[in-house]
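One file, structure-v4.cif, carrying mmCIF, C-alpha atoms:
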data_data
loop_
_atom_site.group_PDB
_atom_site.id
_atom_site.type_symbol
_atom_site.label_atom_id
_atom_site.label_comp_id
_atom_site.auth_asym_id
_atom_site.auth_seq_id
_atom_site.Cartn_x
_atom_site.Cartn_y
_atom_site.Cartn_z
ATOM 1 C CA MET A 1 0.000 0.000 0.000
ATOM 2 C CA GLY A 2 1.322 3.446 -0.913
ATOM 3 C CA PRO A 3 1.264 6.660 1.072
ATOM 4 C CA PRO A 4 -2.117 8.096 2.113
ATOM 5 C CA ARG A 5 -3.973 10.069 -0.550
ATOM 6 C CA HIS A 6 -5.389 13.424 0.422
ATOM 7 C CA ARG A 7 -6.678 14.528 -2.966
ATOM 8 C CA PRO A 8 -10.466 14.167 -3.290
ATOM 9 C CA THR A 9 -10.478 12.663 -6.787
ATOM 10 C CA TRP A 10 -10.285 8.973 -7.652
ATOM 11 C CA ALA A 11 -11.200 6.230 -10.125
ATOM 12 C CA GLU A 12 -13.497 3.374 -9.151
ATOM 13 C CA ILE A 13 -12.961 0.086 -11.002
ATOM 14 C CA ASP A 14 -15.748 -2.496 -11.192
ATOM 15 C CA LEU A 15 -13.938 -5.809 -11.617
ATOM 16 C CA ASN A 16 -17.257 -7.640 -11.917
ATOM 17 C CA ALA A 17 -17.955 -5.540 -15.004
ATOM 18 C CA ILE A 18 -14.679 -6.689 -16.585
ATOM 19 C CA ALA A 19 -15.493 -10.330 -15.838
ATOM 20 C CA GLY A 20 -19.012 -9.883 -17.193
ATOM 21 C CA ASN A 21 -17.781 -8.143 -20.333
ATOM 22 C CA VAL A 22 -15.349 -10.964 -21.067
ATOM 23 C CA ALA A 23 -18.071 -13.557 -20.522
ATOM 24 C CA ALA A 24 -20.380 -11.684 -22.903
ATOM 25 C CA LEU A 25 -17.676 -11.276 -25.549
ATOM 26 C CA ARG A 26 -16.708 -14.919 -25.321
ATOM 27 C CA ALA A 27 -20.327 -16.020 -25.602
ATOM 28 C CA GLY A 28 -20.647 -14.015 -28.806
ATOM 29 C CA ALA A 29 -17.408 -15.261 -30.337
ATOM 30 C CA GLY A 30 -18.869 -18.379 -31.910
ATOM 31 C CA GLY A 31 -16.721 -20.893 -30.079
ATOM 32 C CA ALA A 32 -13.444 -19.025 -30.497
ATOM 33 C CA ASP A 33 -11.146 -18.654 -27.515
ATOM 34 C CA LEU A 34 -10.646 -15.167 -26.094
ATOM 35 C CA MET A 35 -7.380 -13.290 -25.609
ATOM 36 C CA ALA A 36 -7.919 -10.296 -23.317
ATOM 37 C CA VAL A 37 -5.570 -7.395 -23.997
ATOM 38 C CA VAL A 38 -4.306 -5.988 -20.689
ATOM 39 C CA LYS A 39 -1.444 -3.784 -21.899
ATOM 40 C CA ALA A 40 -0.958 -0.185 -20.710
ATOM 41 C CA ASP A 41 -1.854 -1.077 -17.122
ATOM 42 C CA GLY A 42 -5.010 -2.802 -18.259
ATOM 43 C CA TYR A 43 -6.066 0.273 -20.260
ATOM 44 C CA GLY A 44 -5.631 2.254 -17.061
ATOM 45 C CA HIS A 45 -7.780 -0.069 -14.960
ATOM 46 C CA GLY A 46 -4.882 -1.793 -13.170
ATOM 47 C CA MET A 47 -3.282 -4.633 -15.114
ATOM 48 C CA ILE A 48 -3.157 -7.336 -12.446
ATOM 49 C CA PRO A 49 -6.729 -7.031 -11.104
ATOM 50 C CA ALA A 50 -8.043 -6.480 -14.638
ATOM 51 C CA ALA A 51 -6.265 -9.623 -15.850
ATOM 52 C CA GLN A 52 -7.584 -11.630 -12.922
ATOM 53 C CA ALA A 53 -11.111 -10.388 -13.597
ATOM 54 C CA ALA A 54 -10.788 -11.221 -17.306
ATOM 55 C CA LEU A 55 -9.692 -14.740 -16.430
ATOM 56 C CA ALA A 56 -12.616 -15.070 -14.035
ATOM 57 C CA GLY A 57 -14.863 -14.119 -16.952
ATOM 58 C CA GLY A 58 -13.452 -16.881 -19.134
ATOM 59 C CA ALA A 59 -10.427 -15.417 -20.934
ATOM 60 C CA ASP A 60 -8.117 -18.132 -22.261
ATOM 61 C CA TRP A 61 -5.148 -15.901 -23.129
ATOM 62 C CA LEU A 62 -3.793 -12.523 -22.123
ATOM 63 C CA ALA A 63 -1.939 -10.094 -24.380
ATOM 64 C CA VAL A 64 0.544 -7.369 -23.485
ATOM 65 C CA ALA A 65 2.806 -4.964 -25.342
ATOM 66 C CA LEU A 66 5.897 -5.262 -23.169
ATOM 67 C CA VAL A 67 7.963 -8.056 -21.677
ATOM 68 C CA GLU A 68 7.857 -6.174 -18.372
ATOM 69 C CA GLU A 69 4.068 -6.405 -18.383
ATOM 70 C CA GLY A 70 4.220 -10.147 -18.937
ATOM 71 C CA GLU A 71 6.744 -10.547 -16.140
ATOM 72 C CA ALA A 72 4.404 -8.677 -13.793
ATOM 73 C CA LEU A 73 1.559 -11.038 -14.686
ATOM 74 C CA ARG A 74 3.743 -14.037 -13.918
ATOM 75 C CA ALA A 75 4.902 -12.484 -10.633
ATOM 76 C CA ALA A 76 1.225 -12.190 -9.683
ATOM 77 C CA GLY A 77 0.795 -15.939 -10.134
ATOM 78 C CA ILE A 78 -0.978 -15.835 -13.506
ATOM 79 C CA THR A 79 -0.114 -18.936 -15.532
ATOM 80 C CA VAL A 80 -2.275 -18.748 -18.684
ATOM 81 C CA PRO A 81 -0.600 -18.133 -22.059
ATOM 82 C CA VAL A 82 0.546 -14.518 -22.475
ATOM 83 C CA LEU A 83 1.313 -13.079 -25.913
ATOM 84 C CA VAL A 84 3.796 -10.209 -26.188
ATOM 85 C CA MET A 85 2.425 -8.342 -29.204
ATOM 86 C CA THR A 86 5.579 -6.434 -30.162
ATOM 87 C CA GLU A 87 9.189 -7.471 -30.600
ATOM 88 C CA PRO A 88 11.315 -6.294 -27.672
ATOM 89 C CA PRO A 89 15.032 -5.517 -27.919
ATOM 90 C CA SER A 90 17.031 -8.725 -28.264
ATOM 91 C CA THR A 91 18.427 -8.064 -24.785
ATOM 92 C CA ALA A 92 14.962 -8.918 -23.403
ATOM 93 C CA ILE A 93 14.757 -12.366 -25.014
ATOM 94 C CA ALA A 94 16.089 -14.255 -22.001
ATOM 95 C CA ALA A 95 13.649 -12.519 -19.658
ATOM 96 C CA MET A 96 10.767 -13.198 -22.037
ATOM 97 C CA ILE A 97 11.503 -16.901 -22.339
ATOM 98 C CA ASP A 98 12.272 -17.279 -18.625
ATOM 99 C CA ALA A 99 8.800 -15.857 -17.899
ATOM 100 C CA ASP A 100 7.200 -18.310 -20.355
ATOM 101 C CA LEU A 101 5.825 -15.517 -22.531
ATOM 102 C CA THR A 102 4.923 -16.111 -26.177
ATOM 103 C CA PRO A 103 6.906 -13.843 -28.523
ATOM 104 C CA THR A 104 5.500 -12.128 -31.580
ATOM 105 C CA VAL A 105 7.944 -12.070 -34.498
ATOM 106 C CA TYR A 106 7.972 -10.000 -37.666
ATOM 107 C CA SER A 107 11.593 -9.025 -38.407
ATOM 108 C CA GLY A 108 14.434 -11.178 -39.649
ATOM 109 C CA ALA A 109 16.836 -9.750 -37.087
ATOM 110 C CA PHE A 110 14.608 -10.684 -34.164
ATOM 111 C CA VAL A 111 13.915 -14.151 -35.588
ATOM 112 C CA ASP A 112 17.660 -14.715 -35.858
ATOM 113 C CA ALA A 113 18.277 -13.538 -32.294
ATOM 114 C CA LEU A 114 15.414 -15.601 -30.900
ATOM 115 C CA ALA A 115 16.477 -18.723 -32.782
ATOM 116 C CA GLY A 116 20.025 -18.277 -31.518
ATOM 117 C CA TYR A 117 18.797 -18.073 -27.943
ATOM 118 C CA ALA A 118 16.595 -21.142 -28.414
ATOM 119 C CA ARG A 119 19.581 -23.113 -29.687
ATOM 120 C CA ASP A 120 21.622 -21.951 -26.700
ATOM 121 C CA ILE A 121 19.039 -23.231 -24.206
ATOM 122 C CA GLY A 122 18.520 -26.443 -26.144
ATOM 123 C CA ARG A 123 14.774 -26.254 -26.712
ATOM 124 C CA PRO A 124 12.512 -24.740 -29.368
ATOM 125 C CA VAL A 125 10.547 -21.564 -28.706
ATOM 126 C CA SER A 126 6.934 -21.192 -29.868
ATOM 127 C CA VAL A 127 6.191 -17.916 -31.630
ATOM 128 C CA HIS A 128 3.299 -16.045 -33.214
ATOM 129 C CA CYS A 129 4.103 -14.333 -36.508
ATOM 130 C CA LYS A 130 2.359 -11.036 -37.239
ATOM 131 C CA LEU A 131 1.557 -10.203 -40.855
ATOM 132 C CA ASP A 132 1.150 -6.577 -41.885
ATOM 133 C CA THR A 133 -2.104 -6.578 -43.833
ATOM 134 C CA GLY A 134 -2.462 -2.823 -44.123
ATOM 135 C CA MET A 135 -2.012 -1.180 -40.732
ATOM 136 C CA ARG A 136 1.593 -0.399 -41.765
ATOM 137 C CA ARG A 137 2.738 -0.256 -38.169
ATOM 138 C CA VAL A 138 4.495 -3.509 -37.308
ATOM 139 C CA GLY A 139 4.264 -6.900 -38.970
ATOM 140 C CA VAL A 140 5.895 -8.715 -41.863
ATOM 141 C CA PRO A 141 5.420 -6.626 -45.052
ATOM 142 C CA ASP A 142 3.425 -8.331 -47.812
ATOM 143 C CA ALA A 143 6.441 -8.721 -50.082
ATOM 144 C CA GLU A 144 8.299 -10.657 -47.377
ATOM 145 C CA TRP A 145 5.551 -13.068 -46.308
ATOM 146 C CA GLU A 146 6.879 -16.025 -48.284
ATOM 147 C CA SER A 147 10.461 -15.640 -47.119
ATOM 148 C CA ALA A 148 9.429 -15.050 -43.497
ATOM 149 C CA LEU A 149 7.099 -18.052 -43.374
ATOM 150 C CA THR A 150 9.681 -20.238 -45.084
ATOM 151 C CA ARG A 151 12.305 -19.121 -42.581
ATOM 152 C CA LEU A 152 10.037 -20.022 -39.663
ATOM 153 C CA ARG A 153 9.096 -23.345 -41.242
ATOM 154 C CA ASP A 154 12.724 -24.315 -41.736
ATOM 155 C CA GLU A 155 14.057 -23.116 -38.379
ATOM 156 C CA PRO A 156 14.102 -26.089 -35.960
ATOM 157 C CA ALA A 157 14.757 -23.785 -33.000
ATOM 158 C CA LEU A 158 11.411 -22.030 -33.503
ATOM 159 C CA ARG A 159 7.860 -23.330 -33.747
ATOM 160 C CA LEU A 160 5.171 -21.353 -35.576
ATOM 161 C CA ALA A 161 2.349 -21.580 -33.047
ATOM 162 C CA GLY A 162 0.282 -18.630 -34.251
ATOM 163 C CA LEU A 163 -0.356 -16.294 -37.160
ATOM 164 C CA TRP A 164 -2.115 -12.979 -36.703
ATOM 165 C CA SER A 165 -2.715 -9.449 -37.883
ATOM 166 C CA HIS A 166 -4.556 -6.318 -36.778
ATOM 167 C CA PHE A 167 -7.408 -4.344 -38.327
ATOM 168 C CA ALA A 168 -6.966 -0.648 -39.047
ATOM 169 C CA VAL A 169 -10.617 0.428 -39.473
ATOM 170 C CA ALA A 170 -12.819 -2.306 -38.018
ATOM 171 C CA ASP A 171 -14.464 0.398 -35.901
ATOM 172 C CA GLU A 172 -15.858 1.922 -39.122
ATOM 173 C CA PRO A 173 -18.261 -0.878 -40.127
ATOM 174 C CA ASP A 174 -18.870 0.307 -43.697
ATOM 175 C CA HIS A 175 -15.249 1.032 -44.577
ATOM 176 C CA PRO A 176 -14.174 -0.932 -47.685
ATOM 177 C CA PHE A 177 -10.676 -1.453 -46.289
ATOM 178 C CA ILE A 178 -12.044 -3.962 -43.758
ATOM 179 C CA ALA A 179 -12.815 -6.470 -46.506
ATOM 180 C CA GLU A 180 -9.574 -5.683 -48.304
ATOM 181 C CA GLN A 181 -7.512 -6.253 -45.191
ATOM 182 C CA HIS A 182 -9.361 -9.462 -44.348
ATOM 183 C CA GLU A 183 -8.761 -10.734 -47.891
ATOM 184 C CA ARG A 184 -5.051 -10.023 -47.524
ATOM 185 C CA PHE A 185 -4.971 -11.940 -44.260
ATOM 186 C CA ALA A 186 -6.788 -14.874 -45.867
ATOM 187 C CA ARG A 187 -4.159 -14.789 -48.601
ATOM 188 C CA GLY A 188 -1.437 -14.955 -45.969
ATOM 189 C CA LEU A 189 -3.103 -17.960 -44.336
ATOM 190 C CA ALA A 190 -3.388 -19.712 -47.683
ATOM 191 C CA LEU A 191 0.277 -19.034 -48.400
ATOM 192 C CA ALA A 192 1.245 -20.467 -45.021
ATOM 193 C CA GLY A 193 -0.696 -23.612 -45.865
ATOM 194 C CA GLU A 194 0.918 -23.918 -49.282
ATOM 195 C CA LEU A 195 4.365 -23.566 -47.721
ATOM 196 C CA GLY A 196 3.685 -26.139 -45.034
ATOM 197 C CA ALA A 197 3.871 -23.466 -42.331
ATOM 198 C CA THR A 198 0.374 -23.888 -40.931
ATOM 199 C CA PRO A 199 0.090 -22.418 -37.406
ATOM 200 C CA ASP A 200 -1.782 -23.898 -34.466
ATOM 201 C CA VAL A 201 -3.933 -20.808 -33.912
ATOM 202 C CA VAL A 202 -5.009 -17.847 -36.021
ATOM 203 C CA HIS A 203 -6.285 -14.542 -34.651
ATOM 204 C CA LEU A 204 -7.355 -11.275 -36.236
ATOM 205 C CA ALA A 205 -10.430 -9.840 -34.492
ATOM 206 C CA ASN A 206 -9.935 -6.828 -32.247
ATOM 207 C CA SER A 207 -12.826 -5.409 -30.177
ATOM 208 C CA ALA A 208 -14.714 -3.995 -33.152
ATOM 209 C CA ALA A 209 -14.327 -7.179 -35.196
ATOM 210 C CA THR A 210 -15.225 -9.355 -32.211
ATOM 211 C CA LEU A 211 -18.492 -7.429 -31.923
ATOM 212 C CA SER A 212 -19.405 -7.073 -35.594
ATOM 213 C CA LEU A 213 -17.396 -9.340 -37.917
ATOM 214 C CA PRO A 214 -17.996 -12.996 -37.015
ATOM 215 C CA ASP A 215 -16.194 -14.262 -40.121
ATOM 216 C CA THR A 216 -12.964 -12.826 -38.675
ATOM 217 C CA HIS A 217 -13.115 -14.665 -35.347
ATOM 218 C CA TYR A 218 -10.957 -17.637 -36.417
ATOM 219 C CA ASP A 219 -9.493 -19.555 -33.441
ATOM 220 C CA VAL A 220 -9.089 -16.671 -31.004
ATOM 221 C CA VAL A 221 -10.636 -13.208 -30.670
ATOM 222 C CA ARG A 222 -8.453 -10.475 -29.214
ATOM 223 C CA PRO A 223 -10.553 -7.675 -27.667
ATOM 224 C CA GLY A 224 -9.064 -4.744 -25.809
ATOM 225 C CA LEU A 225 -11.387 -1.755 -25.353
ATOM 226 C CA SER A 226 -14.521 -3.863 -25.071
ATOM 227 C CA VAL A 227 -13.058 -5.886 -22.187
ATOM 228 C CA TYR A 228 -13.386 -2.683 -20.192
ATOM 229 C CA GLY A 229 -16.900 -1.940 -21.433
ATOM 230 C CA LEU A 230 -15.950 0.682 -24.002
ATOM 231 C CA GLU A 231 -17.502 0.769 -27.469
ATOM 232 C CA PRO A 232 -15.044 0.933 -30.380
ATOM 233 C CA ALA A 233 -17.714 2.955 -32.206
ATOM 234 C CA PRO A 234 -21.165 4.229 -31.209
ATOM 235 C CA GLY A 235 -23.770 1.469 -31.305
ATOM 236 C CA LEU A 236 -21.310 -1.308 -32.117
ATOM 237 C CA ALA A 237 -21.866 -3.058 -28.781
ATOM 238 C CA ALA A 238 -25.620 -2.482 -28.639
ATOM 239 C CA GLY A 239 -27.418 -5.364 -26.960
ATOM 240 C CA ARG A 240 -24.209 -7.089 -25.879
ATOM 241 C CA GLY A 241 -24.541 -6.197 -22.201
ATOM 242 C CA LEU A 242 -21.133 -4.555 -21.891
ATOM 243 C CA ARG A 243 -20.670 -2.264 -18.889
ATOM 244 C CA PRO A 244 -17.988 0.411 -18.440
ATOM 245 C CA ALA A 245 -15.657 -0.798 -15.714
ATOM 246 C CA MET A 246 -14.309 2.602 -14.667
ATOM 247 C CA ARG A 247 -16.034 5.516 -13.032
ATOM 248 C CA TRP A 248 -14.031 8.649 -12.324
ATOM 249 C CA CYS A 249 -15.194 10.495 -9.213
ATOM 250 C CA SER A 250 -14.331 13.712 -7.437
ATOM 251 C CA ARG A 251 -15.547 16.135 -4.860
ATOM 252 C CA LEU A 252 -15.681 19.801 -5.758
ATOM 253 C CA GLY A 253 -12.719 21.755 -4.465
ATOM 254 C CA LEU A 254 -14.550 25.084 -4.404
ATOM 255 C CA VAL A 255 -17.989 26.439 -5.302
ATOM 256 C CA LYS A 256 -18.460 30.128 -6.075
ATOM 257 C CA ARG A 257 -20.925 32.553 -7.609
ATOM 258 C CA LEU A 258 -20.047 34.190 -10.908
ATOM 259 C CA ALA A 259 -21.520 37.428 -12.220
ATOM 260 C CA ALA A 260 -22.793 37.694 -15.785
ATOM 261 C CA GLY A 261 -19.906 38.404 -18.157
ATOM 262 C CA GLU A 262 -17.145 37.081 -15.903
ATOM 263 C CA ALA A 263 -14.668 34.777 -17.663
ATOM 264 C CA VAL A 264 -12.912 31.699 -16.324
ATOM 265 C CA SER A 265 -9.610 29.834 -16.641
ATOM 266 C CA TYR A 266 -6.665 30.264 -19.024
ATOM 267 C CA GLY A 267 -7.386 32.322 -22.103
ATOM 268 C CA LEU A 268 -10.717 33.530 -20.674
ATOM 269 C CA ARG A 269 -12.402 31.277 -23.247
ATOM 270 C CA TRP A 270 -15.769 31.085 -21.501
ATOM 271 C CA ARG A 271 -17.846 33.904 -20.095
ATOM 272 C CA ALA A 272 -20.902 33.449 -17.934
ATOM 273 C CA PRO A 273 -23.952 34.439 -20.017
ATOM 274 C CA HIS A 274 -25.770 35.250 -16.790
ATOM 275 C CA GLU A 275 -25.189 34.996 -13.062
ATOM 276 C CA THR A 276 -24.355 31.410 -12.224
ATOM 277 C CA THR A 277 -22.573 29.055 -9.836
ATOM 278 C CA THR A 278 -19.322 27.333 -10.785
ATOM 279 C CA GLY A 279 -17.446 24.477 -9.179
ATOM 280 C CA THR A 280 -13.725 23.759 -9.388
ATOM 281 C CA VAL A 281 -12.826 20.081 -9.773
ATOM 282 C CA PRO A 282 -9.370 19.082 -8.422
ATOM 283 C CA ALA A 283 -8.191 17.148 -11.497
ATOM 284 C CA GLY A 284 -6.870 18.136 -14.894
ATOM 285 C CA TYR A 285 -4.911 17.146 -17.966
ATOM 286 C CA ALA A 286 -2.086 15.730 -15.857
ATOM 287 C CA ASP A 287 -4.659 13.174 -14.700
ATOM 288 C CA GLY A 288 -5.980 12.413 -18.179
ATOM 289 C CA VAL A 289 -8.753 15.007 -18.374
ATOM 290 C CA THR A 290 -7.774 16.074 -21.862
ATOM 291 C CA ARG A 291 -7.772 19.741 -22.827
ATOM 292 C CA ALA A 292 -10.028 18.766 -25.718
ATOM 293 C CA LEU A 293 -12.839 18.716 -23.143
ATOM 294 C CA SER A 294 -12.455 22.467 -22.594
ATOM 295 C CA ASN A 295 -15.893 24.042 -23.170
ATOM 296 C CA THR A 296 -17.167 20.726 -24.586
ATOM 297 C CA GLY A 297 -17.098 18.037 -21.893
ATOM 298 C CA GLU A 298 -19.654 17.247 -19.229
ATOM 299 C CA VAL A 299 -19.690 15.731 -15.760
ATOM 300 C CA VAL A 300 -22.526 14.447 -13.597
ATOM 301 C CA CYS A 301 -23.109 16.407 -10.401
ATOM 302 C CA ARG A 302 -25.872 15.253 -8.047
ATOM 303 C CA GLY A 303 -27.463 13.320 -10.885
ATOM 304 C CA GLN A 304 -27.437 16.204 -13.370
ATOM 305 C CA ARG A 305 -25.156 16.630 -16.373
ATOM 306 C CA VAL A 306 -23.283 19.933 -16.167
ATOM 307 C CA PRO A 307 -20.806 21.393 -18.683
ATOM 308 C CA ILE A 308 -17.070 21.858 -18.342
ATOM 309 C CA VAL A 309 -16.428 25.558 -18.926
ATOM 310 C CA GLY A 310 -13.181 27.258 -19.792
ATOM 311 C CA THR A 311 -9.814 25.672 -20.412
ATOM 312 C CA VAL A 312 -8.934 22.448 -18.603
ATOM 313 C CA CYS A 313 -5.859 23.159 -16.445
ATOM 314 C CA MET A 314 -3.081 20.816 -15.385
ATOM 315 C CA ASP A 315 -4.724 19.792 -12.112
ATOM 316 C CA GLN A 316 -8.080 21.609 -12.070
ATOM 317 C CA PHE A 317 -11.058 22.386 -14.271
ATOM 318 C CA ILE A 318 -14.289 24.302 -13.829
ATOM 319 C CA VAL A 319 -17.904 23.250 -14.308
ATOM 320 C CA ASP A 320 -21.000 25.421 -14.590
ATOM 321 C CA LEU A 321 -23.459 24.328 -11.916
ATOM 322 C CA GLY A 322 -26.117 26.825 -12.947
ATOM 323 C CA GLU A 323 -28.403 27.549 -10.025
ATOM 324 C CA ALA A 324 -27.254 24.425 -8.160
#

Can you turn what I pasted into structure tokens?
Amino acid sequence: MGPPRHRPTWAEIDLNAIAGNVAALRAGAGGADLMAVVKADGYGHGMIPAAQAALAGGADWLAVALVEEGEALRAAGITVPVLVMTEPPSTAIAAMIDADLTPTVYSGAFVDALAGYARDIGRPVSVHCKLDTGMRRVGVPDAEWESALTRLRDEPALRLAGLWSHFAVADEPDHPFIAEQHERFARGLALAGELGATPDVVHLANSAATLSLPDTHYDVVRPGLSVYGLEPAPGLAAGRGLRPAMRWCSRLGLVKRLAAGEAVSYGLRWRAPHETTTGTVPAGYADGVTRALSNTGEVVCRGQRVPIVGTVCMDQFIVDLGEA
């Protein structure tokens, strides 16, 4: 337990909501297993408790971005398969394998380093290969698929356990690139079969695809946002029973009356159109209350939605309480 907190602002995490969301997503996945993404401190919900809640809801796998995240899961006693979705520096290979984490591979240099380590320890390492099907972030480029798959097929120190990719616009249901990207992935799977490099598991569906594209579910679905009850796009999770797992709460630091025409906060970007009451909330952009919410966001105060007025500051912002 850390030092006492005196600041009257906090986040409440409903772990039952996470478990329920995973159960609902898994039930709608058509028999596919579920890999819950818990990177970035469980999307800010606390990685360890979020992972434990996801497992309680029926998750079969967990996914992280960093070796350090996987090590933390293992230190917490979590034993299910954990996929590291990006290649770490080669200096992290020993730590990754010691923690029984499943590496993602997509570059020749990392494959070489990983195979060398596997030969040194005298046992093969199972890997998942990521194909770049259009996101153009990480993954094996299209032109290198054949050589990469052949390399993995012929490398006795490595075992191709999985093949995967990631959608770029699955949260835009009518976007034509969804079908194009899925077709590219299907082409990659067919090529793997032709080369004799068929993986054990195939996964493609992120949250949006898990909710709306059943033909992309394959062996495993890989939701992130929706695990925490967030919709990838408005209406996409309608009727699925997902519940937001986080509620941000605060007490007001100060309440004051404002005369008509008085302006508030940096830049004086909001003026009271009439006499009103404002409240100062002791949180700001340093806490994740983005400045984009200046003069546009809302909070709920005593059951009523009230607007954020003026510029969000580093550790404070102002709301218009009206005649409250």

List the residues selected by the PyMOL selection byres ((chain A and resi 224-235) around 6) in the file shown, writing them as JSON, numbers by chain.
-> {"A": [18, 21, 22, 37, 171, 207, 208, 223, 236, 237, 238, 242, 243, 244, 245]}

Could you dump the residues just selected with C-alpha atoms as an mmCIF file, keeping the file's coordinate frame?
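Final output, result34.cif:
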data_model
loop_
_atom_site.group_PDB
_atom_site.id
_atom_site.type_symbol
_atom_site.label_atom_id
_atom_site.label_comp_id
_atom_site.auth_asym_id
_atom_site.auth_seq_id
_atom_site.Cartn_x
_atom_site.Cartn_y
_atom_site.Cartn_z
ATOM 1 C CA ILE A 18 -14.679 -6.689 -16.585
ATOM 2 C CA ASN A 21 -17.781 -8.143 -20.333
ATOM 3 C CA VAL A 22 -15.349 -10.964 -21.067
ATOM 4 C CA VAL A 37 -5.570 -7.395 -23.997
ATOM 5 C CA ASP A 171 -14.464 0.398 -35.901
ATOM 6 C CA SER A 207 -12.826 -5.409 -30.177
ATOM 7 C CA ALA A 208 -14.714 -3.995 -33.152
ATOM 8 C CA PRO A 223 -10.553 -7.675 -27.667
ATOM 9 C CA LEU A 236 -21.310 -1.308 -32.117
ATOM 10 C CA ALA A 237 -21.866 -3.058 -28.781
ATOM 11 C CA ALA A 238 -25.620 -2.482 -28.639
ATOM 12 C CA LEU A 242 -21.133 -4.555 -21.891
ATOM 13 C CA ARG A 243 -20.670 -2.264 -18.889
ATOM 14 C CA PRO A 244 -17.988 0.411 -18.440
ATOM 15 C CA ALA A 245 -15.657 -0.798 -15.714
#

Have a look at A:Lys130, A:Arg257, A:His166, A:Arg222 and name the one nearest to Pro103 in chain A; count all atoms listed in the file.
-> A:Lys130

Find the spatial neighbours of Ala99 in chain A, counting only C-alpha atoms, within a cut-off of 10 Å - ignore same-chain residues fewer than 3 positions away - and output them as a PyMOL selection string.
-> chain A and resi 67-68+70-75+79+82+93-96+102

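Considering the residues A:Gly77, A:Met85, A:Thr91, A:Leu158 and counting all atoms listed in the file, Ala118 in chain A has its shortest atom-to-atom contact with A:Leu158.
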
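Across A:Gly134, A:Gly253, A:Gly31, A:Gly322, the tightest approach to Asp60 in chain A is made by A:Gly31 when counting all atoms listed in the file.
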
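One distance worth recording is that between CA of Cys313 in chain A and CA of Ser265 in chain A, which is 7.7 Å.
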
Judged by all atoms listed in the file, the minimum distance to Gly42 in chain A among A:Ala92, A:Val64, A:Asp320, A:Ala24 is found for A:Val64

Can you complete the atoms of range 50-61 of chain A to N, CA and C atoms and list them as a compact mmCIF listing (two decimals), in the frame of the given file?
# COMPACT_ATOMS: atom_id res chain seq x y z
N ALA A 50 -7.28 -6.36 -13.40
CA ALA A 50 -8.04 -6.48 -14.64
C ALA A 50 -7.81 -7.84 -15.28
N ALA A 51 -6.57 -8.31 -15.29
CA ALA A 51 -6.26 -9.62 -15.85
C ALA A 51 -6.96 -10.72 -15.06
N GLN A 52 -6.93 -10.62 -13.76
CA GLN A 52 -7.58 -11.63 -12.92
C GLN A 52 -9.09 -11.64 -13.16
N ALA A 53 -9.68 -10.46 -13.32
CA ALA A 53 -11.11 -10.39 -13.60
C ALA A 53 -11.43 -10.96 -14.97
N ALA A 54 -10.58 -10.68 -15.96
CA ALA A 54 -10.79 -11.22 -17.31
C ALA A 54 -10.73 -12.74 -17.29
N LEU A 55 -9.79 -13.28 -16.54
CA LEU A 55 -9.69 -14.74 -16.43
C LEU A 55 -10.91 -15.31 -15.73
N ALA A 56 -11.41 -14.62 -14.72
CA ALA A 56 -12.62 -15.07 -14.04
C ALA A 56 -13.81 -15.07 -14.98
N GLY A 57 -13.79 -14.18 -15.98
CA GLY A 57 -14.86 -14.12 -16.95
C GLY A 57 -14.72 -15.10 -18.09
N GLY A 58 -13.62 -15.85 -18.12
CA GLY A 58 -13.45 -16.88 -19.13
C GLY A 58 -12.38 -16.64 -20.17
N ALA A 59 -11.53 -15.63 -19.99
CA ALA A 59 -10.43 -15.42 -20.93
C ALA A 59 -9.49 -16.61 -20.93
N ASP A 60 -9.03 -17.00 -22.12
CA ASP A 60 -8.12 -18.13 -22.26
C ASP A 60 -6.66 -17.68 -22.37
N TRP A 61 -6.47 -16.49 -22.92
CA TRP A 61 -5.15 -15.90 -23.13
C TRP A 61 -5.16 -14.48 -22.58
